Structures are given as structure tokens and as C-alpha cells.
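As stored in query02.cif (mmCIF, C-alpha atoms and all ligand atoms):
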data_model
#
loop_
_atom_site.label_atom_id
_atom_site.label_comp_id
_atom_site.auth_asym_id
_atom_site.auth_seq_id
_atom_site.Cartn_x
_atom_site.Cartn_y
_atom_site.Cartn_z
CA MET A 1408 64.05 -62.84 -3.41
CA SER A 1409 60.40 -61.89 -3.88
CA LEU A 1410 59.01 -59.00 -5.89
CA ARG A 1411 58.62 -55.75 -3.92
CA ASP A 1412 56.20 -52.96 -4.71
CA PHE A 1413 56.88 -49.83 -2.71
CA SER A 1414 55.59 -46.30 -3.11
CA LEU A 1415 56.10 -43.17 -1.07
CA GLY A 1416 52.88 -41.90 -2.61
CA THR A 1417 52.03 -38.81 -0.61
CA ARG A 1418 53.64 -35.46 -1.33
CA VAL A 1419 54.82 -33.93 1.95
CA VAL A 1420 55.18 -30.21 2.67
CA PHE A 1421 56.86 -29.64 6.00
CA GLY A 1422 57.69 -26.54 8.02
CA PRO A 1423 56.40 -23.93 10.45
CA ASN A 1424 53.42 -22.00 9.02
CA ALA A 1425 52.97 -24.44 6.11
CA THR A 1426 49.21 -24.16 6.88
CA ASP A 1427 49.22 -20.60 5.51
CA ARG A 1428 50.02 -22.02 2.07
CA LEU A 1429 47.18 -24.56 2.11
CA GLY A 1430 45.13 -22.44 -0.32
CA THR A 1431 47.88 -22.51 -2.93
CA PHE A 1432 48.19 -26.29 -2.66
CA ALA A 1433 44.41 -26.85 -2.65
CA ALA A 1434 43.85 -24.66 -5.73
CA GLU A 1435 45.75 -27.25 -7.78
CA PHE A 1436 42.78 -29.60 -7.35
CA GLY A 1437 39.85 -27.26 -8.13
CA GLY A 1438 37.70 -24.51 -6.64
CA ARG A 1439 35.53 -26.20 -4.00
CA VAL A 1440 36.91 -27.59 -0.76
CA PHE A 1441 35.17 -29.58 1.99
CA VAL A 1442 37.01 -29.35 5.33
CA VAL A 1443 36.55 -32.13 7.90
CA THR A 1444 37.58 -31.29 11.45
CA ASP A 1445 36.57 -31.35 15.12
CA PRO A 1446 35.46 -28.76 17.72
CA HIS A 1447 38.85 -28.69 19.53
CA ILE A 1448 40.66 -27.73 16.34
CA VAL A 1449 38.09 -25.02 15.67
CA ALA A 1450 38.56 -23.70 19.25
CA ALA A 1451 42.36 -23.70 18.84
CA GLY A 1452 41.99 -21.35 15.85
CA HIS A 1453 43.60 -23.73 13.37
CA VAL A 1454 40.48 -24.05 11.21
CA ASP A 1455 40.16 -20.28 10.82
CA ARG A 1456 43.78 -20.13 9.82
CA ALA A 1457 43.44 -22.90 7.23
CA GLU A 1458 40.19 -21.48 5.86
CA ARG A 1459 41.69 -17.99 5.56
CA SER A 1460 44.37 -19.46 3.35
CA LEU A 1461 41.79 -21.37 1.28
CA ALA A 1462 39.61 -18.25 0.90
CA SER A 1463 42.55 -16.08 -0.10
CA ALA A 1464 43.21 -18.51 -2.96
CA GLY A 1465 39.63 -17.85 -4.13
CA LEU A 1466 38.29 -21.25 -3.10
CA GLU A 1467 34.74 -21.98 -1.96
CA VAL A 1468 34.87 -23.69 1.42
CA ARG A 1469 32.33 -25.71 3.39
CA ARG A 1470 33.06 -27.41 6.68
CA TYR A 1471 32.03 -30.34 8.88
CA GLU A 1472 33.34 -29.85 12.41
CA GLY A 1473 31.55 -32.59 14.35
CA VAL A 1474 34.18 -35.39 14.38
CA ARG A 1475 34.46 -37.18 17.77
CA GLU A 1476 37.50 -38.93 19.25
CA ASN A 1477 37.76 -42.61 18.30
CA PRO A 1478 35.27 -42.02 15.47
CA THR A 1479 32.69 -44.59 14.46
CA SER A 1480 30.69 -45.32 11.34
CA ALA A 1481 28.13 -42.80 12.72
CA ASP A 1482 30.75 -40.02 12.45
CA VAL A 1483 31.35 -40.93 8.82
CA ALA A 1484 27.58 -40.97 8.14
CA ALA A 1485 27.14 -37.55 9.81
CA CYS A 1486 30.02 -36.09 7.81
CA ARG A 1487 28.60 -37.52 4.58
CA ALA A 1488 25.16 -36.08 5.44
CA ALA A 1489 26.71 -32.65 6.05
CA LEU A 1490 28.21 -32.76 2.58
CA GLY A 1491 24.71 -33.30 1.14
CA ASP A 1492 24.56 -32.99 -2.62
CA TRP A 1493 27.38 -30.45 -2.78
CA ASN A 1494 30.15 -31.56 -5.12
CA PRO A 1495 33.57 -30.50 -3.85
CA ASP A 1496 36.74 -30.96 -5.87
CA LEU A 1497 38.81 -31.80 -2.81
CA LEU A 1498 38.59 -32.92 0.82
CA VAL A 1499 40.81 -31.55 3.57
CA GLY A 1500 41.15 -33.61 6.77
CA LEU A 1501 42.30 -31.14 9.43
CA GLY A 1502 42.95 -32.49 12.92
CA GLY A 1503 44.22 -35.59 14.63
CA GLY A 1504 43.86 -39.06 13.17
CA SER A 1505 40.11 -38.94 13.90
CA SER A 1506 39.36 -36.03 11.56
CA ILE A 1507 41.61 -37.30 8.79
CA ASP A 1508 40.14 -40.81 9.01
CA VAL A 1509 36.56 -39.50 8.96
CA ALA A 1510 37.48 -37.47 5.86
CA LYS A 1511 38.78 -40.69 4.29
CA GLY A 1512 35.58 -42.50 5.29
CA CYS A 1513 33.38 -39.71 3.92
CA ASN A 1514 35.32 -39.95 0.67
CA LEU A 1515 34.53 -43.68 0.45
CA VAL A 1516 30.80 -43.46 1.16
CA ARG A 1517 30.39 -40.36 -1.02
CA ALA A 1518 31.85 -42.19 -4.03
CA GLY A 1519 30.35 -45.62 -3.44
CA GLY A 1520 27.32 -45.20 -1.14
CA GLY A 1521 26.44 -47.45 1.79
CA THR A 1522 28.07 -47.28 5.21
CA MET A 1523 31.63 -47.54 6.49
CA GLU A 1524 31.07 -51.22 7.28
CA ASP A 1525 30.83 -51.89 3.53
CA TYR A 1526 34.47 -50.84 3.15
CA TRP A 1527 35.96 -52.93 5.98
CA GLY A 1528 38.99 -54.64 4.46
CA VAL A 1529 41.30 -53.82 1.60
CA GLY A 1530 40.52 -52.58 -1.91
CA LYS A 1531 36.78 -52.08 -1.38
CA ALA A 1532 36.48 -48.51 -2.74
CA LYS A 1533 33.81 -48.05 -5.42
CA GLY A 1534 33.91 -45.33 -8.02
CA THR A 1535 36.44 -42.51 -8.05
CA LEU A 1536 37.48 -40.92 -4.78
CA LEU A 1537 38.21 -37.21 -4.45
CA PRO A 1538 41.76 -36.06 -3.78
CA LEU A 1539 42.45 -35.58 -0.07
CA ILE A 1540 44.86 -33.22 1.68
CA ALA A 1541 45.75 -34.25 5.24
CA VAL A 1542 46.71 -31.53 7.71
CA PRO A 1543 47.56 -33.31 10.97
CA THR A 1544 47.42 -31.34 14.21
CA THR A 1545 49.01 -34.13 16.26
CA ALA A 1546 52.25 -36.04 15.78
CA GLY A 1547 50.75 -39.47 16.18
CA THR A 1548 48.80 -41.72 13.86
CA GLY A 1549 50.72 -41.19 10.61
CA THR A 1550 47.41 -41.57 8.76
CA GLU A 1551 48.53 -38.67 6.55
CA ALA A 1552 50.89 -41.16 4.85
CA GLN A 1553 48.52 -44.13 4.76
CA SER A 1554 45.84 -45.54 2.47
CA PHE A 1555 43.92 -46.80 5.52
CA ALA A 1556 41.27 -45.30 7.78
CA LEU A 1557 40.56 -46.72 11.24
CA VAL A 1558 36.92 -46.25 12.12
CA ALA A 1559 35.02 -48.21 14.78
CA GLN A 1560 31.67 -49.91 14.36
CA GLU A 1561 29.09 -47.74 16.12
CA ASP A 1562 27.53 -50.55 18.17
CA THR A 1563 30.46 -52.88 18.96
CA HIS A 1564 33.29 -50.29 18.96
CA GLN A 1565 35.34 -52.85 17.04
CA LYS A 1566 37.96 -50.98 14.99
CA MET A 1567 37.57 -51.50 11.27
CA ALA A 1568 40.69 -51.11 9.14
CA CYS A 1569 39.50 -49.88 5.75
CA GLY A 1570 42.17 -49.49 3.10
CA ASP A 1571 42.31 -48.74 -0.59
CA PRO A 1572 45.10 -47.24 -2.72
CA GLN A 1573 42.74 -44.40 -3.70
CA MET A 1574 42.51 -43.30 -0.04
CA LEU A 1575 46.16 -42.29 0.21
CA PRO A 1576 46.28 -38.52 0.79
CA ARG A 1577 47.67 -36.66 -2.22
CA LEU A 1578 49.38 -34.16 0.06
CA ALA A 1579 50.31 -34.00 3.74
CA VAL A 1580 50.88 -30.52 5.15
CA LEU A 1581 53.05 -30.88 8.26
CA ASP A 1582 53.03 -27.66 10.27
CA PRO A 1583 54.66 -28.16 13.68
CA ILE A 1584 53.05 -24.95 14.96
CA LEU A 1585 49.66 -26.70 14.92
CA THR A 1586 50.90 -29.19 17.54
CA THR A 1587 52.03 -26.52 20.02
CA THR A 1588 48.47 -26.02 21.29
CA LEU A 1589 47.96 -29.69 22.23
CA PRO A 1590 47.25 -30.43 25.89
CA PRO A 1591 50.34 -32.15 27.44
CA PHE A 1592 48.49 -35.45 27.88
CA VAL A 1593 47.60 -35.52 24.16
CA THR A 1594 51.20 -34.72 23.23
CA ALA A 1595 52.29 -37.62 25.45
CA CYS A 1596 49.77 -40.16 24.15
CA THR A 1597 50.22 -39.34 20.48
CA GLY A 1598 53.99 -39.43 20.95
CA LEU A 1599 53.77 -42.86 22.56
CA ASP A 1600 51.64 -43.98 19.62
CA THR A 1601 54.34 -42.86 17.17
CA ILE A 1602 56.95 -44.75 19.19
CA GLY A 1603 54.69 -47.81 19.16
CA HIS A 1604 54.43 -47.55 15.38
CA ALA A 1605 58.20 -47.30 14.95
CA VAL A 1606 58.87 -50.27 17.25
CA GLU A 1607 56.15 -52.53 15.87
CA THR A 1608 56.77 -51.88 12.17
CA MET A 1609 60.45 -52.75 12.66
CA VAL A 1610 59.66 -56.39 13.37
CA THR A 1611 56.30 -57.35 11.82
CA LYS A 1612 56.00 -60.29 9.46
CA LYS A 1613 55.54 -57.81 6.61
CA ARG A 1614 58.68 -55.80 7.46
CA ASN A 1615 60.95 -55.23 4.48
CA ALA A 1616 63.98 -53.35 3.21
CA PHE A 1617 61.85 -50.32 2.37
CA SER A 1618 59.95 -50.00 5.66
CA ARG A 1619 63.01 -50.57 7.89
CA PRO A 1620 64.75 -47.17 7.42
CA PHE A 1621 61.46 -45.40 8.16
CA SER A 1622 60.99 -47.41 11.39
CA VAL A 1623 64.56 -46.73 12.51
CA GLU A 1624 64.48 -43.01 11.75
CA ALA A 1625 61.02 -42.56 13.27
CA PHE A 1626 62.19 -44.17 16.52
CA ARG A 1627 65.45 -42.21 16.57
CA LEU A 1628 63.63 -38.90 16.16
CA ALA A 1629 60.71 -39.65 18.47
CA HIS A 1630 62.58 -41.12 21.43
CA ALA A 1631 64.87 -38.06 21.49
CA SER A 1632 62.22 -35.42 20.81
CA LEU A 1633 59.26 -36.59 22.89
CA PRO A 1634 60.93 -35.58 26.20
CA LEU A 1635 61.87 -32.21 24.65
CA VAL A 1636 58.31 -31.33 23.61
CA LEU A 1637 56.96 -32.44 26.98
CA ASP A 1638 59.46 -30.18 28.67
CA ASP A 1639 58.99 -27.21 26.31
CA PRO A 1640 55.77 -27.35 24.23
CA ASP A 1641 56.94 -24.44 22.06
CA ASN A 1642 60.22 -26.09 20.99
CA LEU A 1643 59.49 -25.99 17.25
CA ASP A 1644 62.53 -28.03 16.20
CA ALA A 1645 61.49 -30.87 18.49
CA ARG A 1646 57.81 -30.50 17.46
CA GLY A 1647 58.96 -30.72 13.84
CA ASP A 1648 60.99 -33.85 14.56
CA MET A 1649 57.94 -35.43 16.22
CA MET A 1650 55.81 -34.64 13.16
CA LEU A 1651 58.41 -36.14 10.83
CA ALA A 1652 58.69 -39.18 13.09
CA ALA A 1653 54.90 -39.68 13.00
CA THR A 1654 54.81 -39.42 9.20
CA PHE A 1655 57.86 -41.67 8.74
CA ALA A 1656 56.25 -44.23 11.05
CA GLY A 1657 53.07 -43.85 8.98
CA VAL A 1658 55.04 -44.74 5.84
CA ALA A 1659 56.44 -47.75 7.71
CA ILE A 1660 52.91 -48.88 8.70
CA GLU A 1661 51.72 -48.52 5.11
CA ASN A 1662 54.43 -50.99 4.10
CA SER A 1663 54.86 -53.18 7.16
CA MET A 1664 51.60 -53.15 9.22
CA LEU A 1665 51.57 -53.35 13.04
CA GLY A 1666 51.76 -56.00 15.75
CA ALA A 1667 50.52 -57.29 19.11
CA ALA A 1668 50.78 -54.00 21.05
CA HIS A 1669 48.17 -52.54 18.72
CA SER A 1670 46.05 -55.70 18.94
CA LEU A 1671 46.05 -55.40 22.73
CA ALA A 1672 45.42 -51.65 22.69
CA ASN A 1673 42.19 -51.72 20.69
CA PRO A 1674 39.99 -53.59 23.22
CA LEU A 1675 41.49 -51.50 26.05
CA THR A 1676 40.32 -48.37 24.21
CA ALA A 1677 36.95 -49.85 23.26
CA HIS A 1678 36.01 -51.16 26.74
CA HIS A 1679 38.00 -49.08 29.21
CA ASP A 1680 38.31 -45.78 27.41
CA LEU A 1681 42.10 -45.64 27.40
CA ALA A 1682 43.48 -43.19 24.84
CA HIS A 1683 44.93 -45.21 21.95
CA GLY A 1684 48.55 -44.08 22.41
CA LEU A 1685 48.33 -44.60 26.17
CA ALA A 1686 47.14 -48.19 25.70
CA VAL A 1687 49.89 -48.85 23.15
CA GLY A 1688 52.55 -47.32 25.41
CA LEU A 1689 51.50 -49.40 28.42
CA VAL A 1690 51.62 -52.79 26.70
CA LEU A 1691 54.56 -52.15 24.38
CA PRO A 1692 57.46 -52.99 26.77
CA GLY A 1693 55.90 -56.40 27.51
CA VAL A 1694 55.33 -57.11 23.82
CA VAL A 1695 58.99 -56.30 23.03
CA ARG A 1696 60.14 -58.62 25.84
CA PHE A 1697 57.83 -61.38 24.57
CA ASN A 1698 58.85 -61.05 20.91
CA SER A 1699 62.55 -60.79 21.70
CA GLU A 1700 62.56 -64.25 23.29
CA HIS A 1701 63.07 -65.29 19.66
CA ALA A 1702 66.68 -64.53 18.70
CA GLU A 1703 65.97 -63.42 15.14
CA ILE A 1704 63.36 -60.89 16.36
CA ALA A 1705 65.71 -59.68 19.10
CA GLU A 1706 68.23 -58.94 16.38
CA LEU A 1707 65.73 -56.70 14.59
CA TYR A 1708 64.98 -54.76 17.78
CA GLU A 1709 68.74 -54.38 18.27
CA GLY A 1710 68.89 -52.66 14.89
CA LEU A 1711 66.25 -50.19 16.06
CA ALA A 1712 68.05 -49.69 19.38
CA ARG A 1713 71.43 -49.07 17.70
CA GLY A 1714 69.85 -46.37 15.48
CA ALA A 1715 68.95 -44.53 18.69
CA ARG A 1716 72.33 -45.17 20.36
CA LEU A 1717 70.89 -47.74 22.70
CA ASN A 1718 72.98 -50.88 22.75
CA SER A 1719 70.64 -53.77 23.49
CA VAL A 1720 67.03 -54.93 23.56
CA SER A 1721 66.97 -54.49 27.34
CA ALA A 1722 68.18 -50.90 26.92
CA LEU A 1723 65.35 -50.44 24.40
CA VAL A 1724 62.75 -51.79 26.84
CA GLN A 1725 64.21 -49.65 29.60
CA ARG A 1726 63.93 -46.58 27.36
CA LEU A 1727 60.28 -47.38 26.57
CA GLU A 1728 59.55 -47.54 30.31
CA GLU A 1729 61.53 -44.37 30.95
CA LEU A 1730 59.48 -42.56 28.29
CA LEU A 1731 56.30 -43.46 30.22
CA ASP A 1732 57.88 -41.86 33.31
CA LEU A 1733 58.82 -38.75 31.33
CA CYS A 1734 55.20 -38.58 30.13
CA ARG A 1735 54.18 -38.79 33.84
CA ILE A 1736 52.16 -41.88 33.07
CA GLU A 1737 51.66 -44.67 35.62
CA HIS A 1738 52.88 -47.96 34.14
CA SER A 1739 50.04 -50.24 35.26
CA LEU A 1740 46.76 -50.75 33.43
CA THR A 1741 44.91 -50.81 36.77
CA ALA A 1742 46.11 -47.25 37.51
CA HIS A 1743 44.19 -46.24 34.38
CA GLY A 1744 40.96 -47.94 35.43
CA VAL A 1745 41.34 -51.38 33.85
CA PRO A 1746 39.87 -53.99 36.25
CA THR A 1747 41.75 -57.19 37.03
CA THR A 1748 38.71 -59.21 35.92
CA GLY A 1749 37.69 -59.78 32.31
CA VAL A 1750 41.21 -60.21 30.98
CA THR A 1751 40.35 -63.34 28.98
CA GLY A 1752 37.65 -61.45 27.06
CA LEU A 1753 40.09 -58.67 26.24
CA ALA A 1754 42.70 -61.20 25.09
CA GLU A 1755 40.16 -62.97 22.85
CA GLU A 1756 39.21 -59.66 21.28
CA ALA A 1757 42.88 -58.71 20.87
CA LEU A 1758 43.50 -61.92 18.93
CA ARG A 1759 40.69 -61.01 16.50
CA GLN A 1760 42.33 -57.65 15.69
CA TRP A 1761 43.68 -57.36 12.18
CA THR A 1762 47.16 -56.47 13.48
CA ALA A 1763 47.60 -59.70 15.49
CA GLN A 1764 48.40 -61.69 12.36
CA PHE A 1765 51.37 -59.46 11.56
CA ASN A 1766 53.11 -59.79 14.93
CA PRO A 1767 56.47 -61.44 14.21
CA ARG A 1768 55.91 -64.16 16.81
CA GLU A 1769 52.68 -66.16 16.63
CA VAL A 1770 50.35 -65.17 19.46
CA THR A 1771 47.65 -67.25 21.15
CA VAL A 1772 44.85 -66.09 23.48
CA GLN A 1773 46.96 -67.38 26.36
CA ASP A 1774 49.98 -65.32 25.24
CA LEU A 1775 47.86 -62.18 24.98
CA GLU A 1776 46.26 -62.89 28.33
CA ARG A 1777 49.70 -63.23 29.93
CA LEU A 1778 50.82 -59.95 28.32
CA LEU A 1779 47.75 -58.18 29.72
CA ILE A 1780 48.19 -59.67 33.19
CA ALA A 1781 51.85 -58.61 33.19
CA ALA A 1782 50.77 -55.06 32.31
CA LEU A 1783 48.02 -54.91 34.98
FE FE A 1801 48.68 -46.55 16.76
#

In C-alpha cells, how does this file's structure come out?
Amino acid sequence: MSLRDFSLGTRVVFGPNATDRLGTFAAEFGGRVFVVTDPHIVAAGHVDRAERSLASAGLEVRRYEGVRENPTSADVAACRAALGDWNPDLLVGLGGGSSIDVAKGCNLVRAGGGTMEDYWGVGKAKGTLLPLIAVPTTAGTGTEAQSFALVAQEDTHQKMACGDPQMLPRLAVLDPILTTTLPPFVTACTGLDTIGHAVETMVTKKRNAFSRPFSVEAFRLAHASLPLVLDDPDNLDARGDMMLAATFAGVAIENSMLGAAHSLANPLTAHHDLAHGLAVGLVLPGVVRFNSEHAEIAELYEGLARGARLNSVSALVQRLEELLDLCRIEHSLTAHGVPTTGVTGLAEEALRQWTAQFNPREVTVQDLERLLIAAL
């Protein structure tokens, strides 16, 4: 048996209206707060709400609200420039994975200089990072429980995984009310992303006794609750379960990494503009079929299936396909604008993704090409 080193790390505060207590939590870290967010979150009124709480705790607040979807190193540079020479005591990432990851990136370049590219990899932080509070407004990435930021290179759109123990948020504020304003398509895609995280972390090469319960519980909660929130966006219990599922899956990723569905998804997002969760959801059933051709991996998927009262790997795959239907999402990549040409290039790029090495079954370019063709 090998040595294990596992930490839950992030304090989690969970419940409706938790955002209204943000000021109390933030005051524990000092008097000046830099909020990183995006224009949609401002328009939804969530930033005002968070900043009211910060102001009522007597904190000085400045804000960067320019984060774009699928952020690049340019977003991190713009956020850093907006901070200027102001010295906050704390960063708050308020939004989807994009805003929280840009806050993490800004934290890195503020402390150590340079650009986001300088921090591509693990353990590259320089100096002392500021504490970060993550306030997710989607139930998706799980970045609130991770020491990694995913930021793309501005020119190539290649996703850079940048991780350092210092980047782990000190606190995650999970307020299901913030997710009730999401457009249905965003609820669907982020939910499919969470499900992809639960399924992939269950089987990766780095899976372990500590990540497994988080994968199983994340899948159990998300597969049951995603249809409920699609049906009734104001169902707070189901919204809460989706947020917990996303964070649990985030803990699983932190300890188990991801696999081939995420490797395949990144080039689809970079070149054909598919939302991340959509791309993951479309290729995931094929990846599960492919991996489960190996009996020992099939057994792991069965464990995940049993936790959700599904009794076999084929029932699991069927459920993944059914969830696409419930999200009103066409199953084929071509229906989402992916051409039938250029598949080899996408497969080559998928193989270069960081996550490919953690897939439980070795993958070649030909394997990835076949998976893409099957999903076309
Ligand atoms: Fe993902």
C-alpha cells in the first residue's frame, strides 16, 4: 500500500442566501477586497448583493467585471492591470468557473509577475498568494474546491492547467439561489460537466479511496437533480444538490484528475466553440463504452452506477444519453456544428491534453479519432 496524502482543504459554507454573509467571512482576512466577476453576473444582480454584504462589514471593495467565457491569459492580464498597485487583503472570485479561474490567475501573476503561461504546470507559484474566496454562480466546474485554474493561451486557445497548493480557495460560499437565474442551456451544460467530472474521476489512473466517495455521491446527486432543475429552475433543494454535486466532484478532481472525455472536449471547445459541458456530455457515453471494454474499469463504473441505483454499465451509459435528451441536446457533434472533416487534427490535439494521461485505459490518436467519429 502506498502513502496517501489527502486534504479537504477548502472551508465550505452552503445554503440559500449564504451570499448575504460574505462580508462576515471576508472580514476575517482583512479590510480590502478585490472582486473578480463578469458582466452577466453583474446584470443578474449577484455582484450588487455580494458587494452590499462586503460594504456592510466595513470592507473597501474594488471590482474587475470584464472576465470572458473560456478565459485566456489576456483575461488574467486585464484583471491584473485593473488591480494596478492597489494592495487588497483578499480576492473574491464571483461567477462561473471563468471568473474564479481568472481570480486564481490574477493571484498568481500579482504575487510572482509575468504572464499566465509562466505558471502552466504544477507548483509554479512564486511568492505568497492572497487568500481567495470562491462564490460560484453555476453548479459546474468545481473549481471552488480545486488548487487549479484552467486558462487558455490567448493565441492557440490551448487550455493550460495551472495548479499550486496556494491556489486552493480558503472558502467556498455555495448559495443555490445564485444558480436560479442561469439560462436553461447554461444549467444543462454545467450540469453535464459535473456529471462528466463524477464519471471520469471514478475511474482515472489516479483514483483512490479518498476520491471515490466524492465521485459516487456527486453522480448520485447530479443525475437525480439535473432533470429537476431543468424542469423547475426555482427548485432550491435540487439546485442545492447540484451545487453540492459540483463541489464534491471538484474535490474528486483535486484528488483523482480527469480522463479522455475532457481531453476530447478541449479541442472541440477551442476550434468549434462548443460549451465545455456540452462537449463533455456529447463524448462521455462513448468514452465510458470504450473504457469499460476492460473488465476492471467496468467494475469501477458499476460501483458508480450502483450508487445511483442503476444496475450495470449499460444502464449507466443509457442514463448519460437520457440526460442529454432531458437537456434537449442533440446527441451528435455535427448537430452542434462540428464538421466531419478535420477529425484527425482534433484527435491529435486531444492526445496532447493533460487529462489524456490519466484516462484509465491507454489512449492512442486512433482511439481518440474513433471516439470522435462515433460521436459525430
Ligand atoms: Fe469539466

Residues within 9 Å of ligand FE 1801 (chain A), counting only C-alpha atoms and all ligand atoms: report them as a compact mmCIF listing (two decimals) with C-alpha atoms, keeping the file's coordinate frame.
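Output contents, as saved in pocket.txt:
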# COMPACT_ATOMS: atom_id res chain seq x y z
CA GLY A 1547 50.75 -39.47 16.18
CA THR A 1548 48.80 -41.72 13.86
CA GLY A 1549 50.72 -41.19 10.61
CA THR A 1597 50.22 -39.34 20.48
CA LEU A 1599 53.77 -42.86 22.56
CA ASP A 1600 51.64 -43.98 19.62
CA THR A 1601 54.34 -42.86 17.17
CA ILE A 1602 56.95 -44.75 19.19
CA GLY A 1603 54.69 -47.81 19.16
CA HIS A 1604 54.43 -47.55 15.38
CA LEU A 1665 51.57 -53.35 13.04
CA ALA A 1668 50.78 -54.00 21.05
CA HIS A 1669 48.17 -52.54 18.72
CA ALA A 1672 45.42 -51.65 22.69
CA HIS A 1683 44.93 -45.21 21.95
CA GLY A 1684 48.55 -44.08 22.41
CA VAL A 1687 49.89 -48.85 23.15

Report, in Å to a single decimal, how far apart atom CA of A:Glu1661 and atom CA of A:Lys1612 are.
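Atom CA of A:Glu1661 lies at a distance of 13.3 Å from atom CA of A:Lys1612.
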
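Distances here use only C-alpha atoms; by that measure, the residue among A:Leu1585, A:Ala1568, A:Glu1729, A:Phe1765 closest to A:Pro1634 is A:Glu1729.
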
Å distance separating atom CA of A:Ile1660 from atom CA of A:Arg1577, one decimal place:
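For atom CA of A:Ile1660 relative to atom CA of A:Arg1577, the distance reads 17.2 Å.
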
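The space separating atom CA of A:Gly1530 from atom CA of A:Leu1515 comes to 11.0 Å.
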
Could you name the residues that touch A:Leu1490 at 10 Å or less, counting only C-alpha atoms, but leaving out those on the same chain fewer than 4 positions away, as JSON, numbers by chain?
{"A": [1441, 1442, 1443, 1469, 1470, 1471, 1484, 1485, 1486, 1494, 1495, 1513, 1517]}

Top pick for closest residue to A:Phe1626, considering A:Pro1543, A:Gly1437, A:Gly1710, A:Pro1538 and counting all atoms listed in the file:
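With all atoms listed in the file as the atom set, the closest residue is A:Gly1710.
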
Can you tell me which residues surround A:Phe1421 at a distance of at most 10 Å, considering only C-alpha atoms, apart from same-chain residues fewer than 5 positions away, and format the answer as a PDB file with C-alpha atoms, keeping the file's coordinate frame?
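That gives us result-v4.pdb:
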ATOM      1  CA  THR A1426      49.210 -24.160   6.880  1.00  0.00           C
ATOM      2  CA  ALA A1579      50.310 -34.000   3.740  1.00  0.00           C
ATOM      3  CA  VAL A1580      50.880 -30.520   5.150  1.00  0.00           C
ATOM      4  CA  LEU A1581      53.050 -30.880   8.260  1.00  0.00           C
ATOM      5  CA  ASP A1582      53.030 -27.660  10.270  1.00  0.00           C
ATOM      6  CA  PRO A1583      54.660 -28.160  13.680  1.00  0.00           C
ATOM      7  CA  GLY A1647      58.960 -30.720  13.840  1.00  0.00           C
ATOM      8  CA  MET A1650      55.810 -34.640  13.160  1.00  0.00           C
ATOM      9  CA  LEU A1651      58.410 -36.140  10.830  1.00  0.00           C
TER      10      LEU A1651
END

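Closest to A:Leu1429 among A:Val1542, A:Val1772, A:Cys1734, A:Val1745 is A:Val1542, based on all atoms listed in the file.
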
Check the smallest atom-to-atom distance from each of A:Pro1446, A:Gly1502, A:Ala1552, A:Ala1481 to A:Val1420 using all atoms listed in the file, then report the winner.
A:Ala1552

Repaired coordinates for stretch 1653-1659 of chain A (all heavy atoms) as a compact mmCIF listing (two decimals), keeping the file's coordinate frame:
# COMPACT_ATOMS: atom_id res chain seq x y z
N ALA A 1653 56.25 -39.11 13.16
CA ALA A 1653 54.90 -39.68 13.00
C ALA A 1653 54.64 -40.04 11.53
O ALA A 1653 54.08 -41.10 11.22
CB ALA A 1653 53.85 -38.70 13.50
N THR A 1654 55.05 -39.15 10.62
CA THR A 1654 54.81 -39.42 9.20
C THR A 1654 55.70 -40.55 8.71
O THR A 1654 55.25 -41.43 7.97
CB THR A 1654 55.04 -38.13 8.37
OG1 THR A 1654 54.16 -37.12 8.87
CG2 THR A 1654 54.75 -38.36 6.91
N PHE A 1655 56.98 -40.56 9.13
CA PHE A 1655 57.86 -41.67 8.74
C PHE A 1655 57.29 -43.00 9.25
O PHE A 1655 57.29 -44.01 8.53
CB PHE A 1655 59.27 -41.47 9.31
CG PHE A 1655 60.05 -40.35 8.66
CD1 PHE A 1655 61.20 -39.85 9.25
CD2 PHE A 1655 59.65 -39.79 7.46
CE1 PHE A 1655 61.94 -38.82 8.66
CE2 PHE A 1655 60.37 -38.75 6.86
CZ PHE A 1655 61.52 -38.27 7.47
N ALA A 1656 56.83 -43.00 10.49
CA ALA A 1656 56.25 -44.23 11.05
C ALA A 1656 54.98 -44.61 10.27
O ALA A 1656 54.69 -45.78 10.07
CB ALA A 1656 55.94 -44.06 12.53
N GLY A 1657 54.26 -43.58 9.80
CA GLY A 1657 53.07 -43.85 8.98
C GLY A 1657 53.45 -44.54 7.68
O GLY A 1657 52.78 -45.47 7.23
N VAL A 1658 54.55 -44.09 7.07
CA VAL A 1658 55.04 -44.74 5.84
C VAL A 1658 55.43 -46.19 6.16
O VAL A 1658 55.14 -47.12 5.39
CB VAL A 1658 56.26 -43.98 5.25
CG1 VAL A 1658 56.86 -44.74 4.06
CG2 VAL A 1658 55.86 -42.57 4.83
N ALA A 1659 56.06 -46.39 7.31
CA ALA A 1659 56.44 -47.75 7.71
C ALA A 1659 55.21 -48.63 7.88
O ALA A 1659 55.17 -49.77 7.41
CB ALA A 1659 57.27 -47.71 8.99
